[in-house]
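The next block holds one structure in the form of structure tokens; read it before the comments.
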Number of protein chains: 2
Amino acid sequence: MSSTINRRDLDFLLYEVLNVEELCERELWSDHDRTSFDAVLDLADQIAEEKFLPLAAQLDEHEPEFDGEKVHILPGVKEAHEAYIEAGFMAAHVSNEDGGMQLPLTVSHAAQAIFSSANISALAYLGLTKSAANMLDVWGSDQLKQKYLPHMRSGRFYGTMCLSEPHAGSNLADIRTRAEPQEDGSYRLYGTKMWISGGEQDISENIVHMVLAKVPGAPAGVKGISLFLVPKYRLDENGNSAERNGVNLVGLNHKMGYRGTTNTLLNFGEKEPCVGYLMGKENEGLKCMFHMMNESRISVGMGAVTLGYAGYMHSLQYAKERPQGRLPGEKDPNSPQVNIIKHADVKRMLLQQKAYVEGGLYLALFCDKLVDDIRTGDAAQQKDLAIFMDLLTPIVKAWPSDYCLKANELAIQVLGGAGYTRDYPVERLYRDNRLNPIHEGTNGIQGMDLLGRKVRMNDGYGYQLLVRYLNETIAEAKNTEPLNEYAQSLEHALQALSATTEHLTSAASEDIKLATANSTVYLNAFGHVVVAWQWLKQALAANRGLAAAQGDDQDFYRGKLAACRYFYRYELPQIHTQLALLDQLDDTCLNMPEASF
Amino acid sequence: MSSTINRRDLDFLLYEVLNVEELCERELWSDHDRTSFDAVLDLADQIAEEKFLPLAAQLDEHEPEFDGEKVHILPGVKEAHEAYIEAGFMAAHVSNEDGGMQLPLTVSHAAQAIFSSANISALAYLGLTKSAANMLDVWGSDQLKQKYLPHMRSGRFYGTMCLSEPHAGSNLADIRTRAEPQEDGSYRLYGTKMWISGGEQDISENIVHMVLAKVPGAPAGVKGISLFLVPKYRLDENGNSAERNGVNLVGLNHKMGYRGTTNTLLNFGEKEPCVGYLMGKENEGLKCMFHMMNESRISVGMGAVTLGYAGYMHSLQYAKERPQGRLPGEKDPNSPQVNIIKHADVKRMLLQQKAYVEGGLYLALFCDKLVDDIRTGDAAQQKDLAIFMDLLTPIVKAWPSDYCLKANELAIQVLGGAGYTRDYPVERLYRDNRLNPIHEGTNGIQGMDLLGRKVRMNDGYGYQLLVRYLNETIAEAKNTEPLNEYAQSLEHALQALSATTEHLTSAASEDIKLATANSTVYLNAFGHVVVAWQWLKQALAANRGLAAAQGDDQDFYRGKLAACRYFYRYELPQIHTQLALLDQLDDTCLNMPEASF
């Protein structure tokens, strides 16, 4: 039994639900087929198990240290990275021409999920490097790309994202880092950046920071933000890392979890000159960032899924092996203890986890597939799909980071006292996952994004698409006898969500504060409707699969149907209470006076 | 602003809601009055702030270590303990005659809450010692009491509870530790105990273990359990610690949180003889334990409250001081940032915490007061109150450990990235609190206890009492205009809970497995009804107070009314979905096949 992602599940989602093989019919991916996809996933499984997983507990126990001069990270991390890079995962999504595997995002992200589930904090450096490289690829000048991109794709240089500042964590409008233009076309940067993951390490030869800053005379707020590439070492004429650039580590943050990834406070231009290079145009830095944001938020959601998933797999294994207690009604104290998986309440905790993590995995992969379809799919649908992806972005970030974190909490509970010790990974997985509702826009901000912007954008067209897609699935499920019950529940839920959405969007034009006061409640209800829809899609596929299945496959499909049933019986009904609260425009929280806390 | 328990709140609960001053009219506590109670709480505040609080982060960072010979604990712990003991808190509840303060449990437990909020893992040794001493007081022979009790009350000896074994965590029926009677009336013990908090330390001169074991020929299961007092050092003729007894530390468990309290695996009689002394009668050990169980479970609930409470106070302070972002509708990027407490979603996270932790604090103190009333109150009511206390026991253990843990999660979220670092206490408070849903009977076991036993005991008389008490409050609130809305909601909730309870108890006689399959859901719904009732009681007192209040007091009472409103608008309605699920006797979890996970 795997302790990362269950491959049977991953295969089901990729091939039976999402039908990723259809991507191979498109020109960009025509060299691929299921065999090549499987080979990539097999390789990910192997390297994750051999290099990433065994390091995870150790890396948590021995977090990176800064001795005032240098940061020291467990040597095994570099070794794991080398295996990952050597196998080509750094450039899994990059074109063959540029030395990559030219994989669809859905498949490269599925492989990434396997690594993440094994050891997210060792992996993070590589994910950040990919994002920074992708940003360079899109927005960098030819010269910058030529100098830096190949080294980032090859893992010789790593990358970071430098957005937050000590006084402006979530709110980029207020950043103060300055970038002063120089005669040679470069800039000098001055400022401090906070919460920078991978901001310093002793693994890569150089670090390429993507830094948001303001040029002199820039407009106030987000309209005056520019993006700069700032290397740790400037390159010499031969493109090698040479002189130290003025980026200095002030200190490391010591975190609850995710400890293997350094998190840093960086100074720019405090002691030595800090040279940066403009990416895109001045004052358009946020546009550059936003270009990456959908994928970043899918990544955070996927990260949350993988940690929840790992907890589920561990607690399932434990429950199957640990004897304790007897079933209700068993009076004979001499009867043998049963394995705890036999207890109804343990089953509930496992099934709840299964519903969350397998639902979350599908949600993230579904969004990846959307990105692939937006890029290469039916031209007539691309615009619709892009709008739909925008709508789903806050959901794919927030839902897994709330509910797969909850799954981690349940995994601890299944193990009981053992789960509370550091001898088992479940408490670490919780600690690692606790970051995900916070970074890349807190879930509170996702709620505001969804209700304050996304459902209202394009005159609500994104929401109309949601209704259309859900109704297609509902119609199909209504004709599929065992799923009819869920189709009706989903139809009812969707109608209620639509009524509330209309009510709130109309209220928003009168009083935006009141209308959005409970946006987190809206986010939760909306997310549950989306995931219920997707569980129905999984159930439809499982129902098809079950017809011809035998042995283990039968068990597998029945498990999917049971998890869907769990979601419709235990989870989805909760939204009606939430929607009723929203319909009342409840102002209890909004109007709570500060002095009364 | 206090960073432990808000004294204004504690005073409100003790004097305005619970009216603890009435206890001073009873003979046992007639030497006390509000002045003496206040002095005790002031002293607790002072010692907690000076000695316990400053040590908390350090103790978490430097957990006790076992060098193979000895356990080393930060010296500050002993110092804090000395201040606590010197001030008389070890014997706060003990009679004057025996050198104690002779305080009601409600007041001594309120003082304990202050210490617990400051540093629960330093405090735990003392709480365990009290419990062990109380057990000795009730069940020990005169000779045992004479030899051990004074030293435990004075803090010279500490105590532990040794119940669980490696193969039997939650299930005492299966313990294997043997106790063989000797000619001198003592016993020799052989076995291994797991999860023993405070099982070894370098603070006290001696450790008195309360150990469950089985004598030869004892009946199988819980009916064959006996209780023994087993000292770490046997006492010489003068009552001083002398020869080492055969209790040996195998190792320390390394936990997610609560790190300052050693958690041990102990061997009995493996190398040297391990002498134990019978407490109570053979095969009646569980009765001895159960005698303490109500108070132990209140203590776990109270511990959970205090950690949630500390997180609330920290996140409130942070939200008042941290500027970030602007309110919806503010378009001017040059306008100053607002403190985050102005954001509706941050208010929601604070109000939710407030509702949980202040609701939980009242719940725990209410149960303490019940214990006091059972001991000294109106003789005609004592039996009823004892039955009611039995019914509430799973609630007071489980509800705070679920919801005040949730409060800790919200506190982290309020602080955002800062909350995820170890520079702030909120992540530690979560980690400390994560134990509480697990120990002293997992919350899953509490659910089985409630639905499988407590609501059905005495032909449902406990539940009938609940209905009676709630209806009294409902009637009062119906006549109190601003609270009428809540009275109606509670009435509706109670009717629904009663219908479900009747349905489930009747189903239980036919199929106990099916009827109790969702007992955790029942536990949650039941707990929310109880806490809603208690919030209404708080609101009634606040409403009375508000009539004559001015200044800060007005703000305080309005805060109570707002928290009550929050609970009735956001929390209580959730139970109806849960009860509907229970009414259907849903078997999704119960019948999930093991192979389908």
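Order determines the names: the first chain of the structure tokens is A, the second B, and so forth; residues in each chain are numbered 1 upward, and ligands are numbered 1 upward as they are shown.
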Open item on the list: Should the cut-off be 6 Å, what would the residue list for chain A against chain B look like, counting only C-alpha atoms, as a PyMOL selection string?
Closed with: chain A and resi 171+220-221+254-256+325+328+333+344+347-348+416+420-422+438+513+517+555-556+559+589-590+595-597
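For Gly88 in chain B, the set of protein, DNA and RNA residues having any atom at most 9 Å away, when counting only C-alpha atoms and skipping those fewer than 3 positions along the same chain, is B:Ala83, B:Tyr84, B:Ile85, B:Ala91, B:Ala92, B:Gly99, B:Gly100, B:Met101, B:Ser154.
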May I have the residues within 8 Å of Arg259 in chain A as a PDB file with N, CA and C atoms, in the first residue's frame, using only C-alpha atoms and disregarding those fewer than 6 positions away in the same chain?
ATOM      1  N   LEU A  59      13.665  15.926   8.258  1.00  0.00           N
ATOM      2  CA  LEU A  59      13.730  17.323   7.832  1.00  0.00           C
ATOM      3  C   LEU A  59      12.870  18.198   8.746  1.00  0.00           C
ATOM      4  N   ASP A  60      11.785  17.622   9.220  1.00  0.00           N
ATOM      5  CA  ASP A  60      10.934  18.348  10.161  1.00  0.00           C
ATOM      6  C   ASP A  60      11.648  18.514  11.496  1.00  0.00           C
ATOM      7  N   GLU A  63      15.246  21.316  11.192  1.00  0.00           N
ATOM      8  CA  GLU A  63      14.929  22.340  10.204  1.00  0.00           C
ATOM      9  C   GLU A  63      16.190  23.112   9.825  1.00  0.00           C
ATOM     10  N   PRO A  64      16.172  23.795   8.670  1.00  0.00           N
ATOM     11  CA  PRO A  64      17.334  24.558   8.225  1.00  0.00           C
ATOM     12  C   PRO A  64      17.777  25.559   9.295  1.00  0.00           C
ATOM     13  N   SER A 121       7.861  19.846   2.010  1.00  0.00           N
ATOM     14  CA  SER A 121       8.762  20.957   2.319  1.00  0.00           C
ATOM     15  C   SER A 121      10.122  20.789   1.642  1.00  0.00           C
ATOM     16  N   ASP A 432       2.232  20.725   8.615  1.00  0.00           N
ATOM     17  CA  ASP A 432       2.612  21.188   7.275  1.00  0.00           C
ATOM     18  C   ASP A 432       1.410  21.839   6.578  1.00  0.00           C
TER      19      ASP A 432
END
Query raised in the report: What's the 9 Å shell around Leu265 in chain A, counting only C-alpha atoms, without same-chain residues fewer than 4 positions away, as a list in words?
Result: Glu165, Pro166, Thr192, Lys193, Met194, Trp195, Ile196, Gly199, Asn248, Leu249, Val250, Gly251, Leu252 and Asn253 of chain A
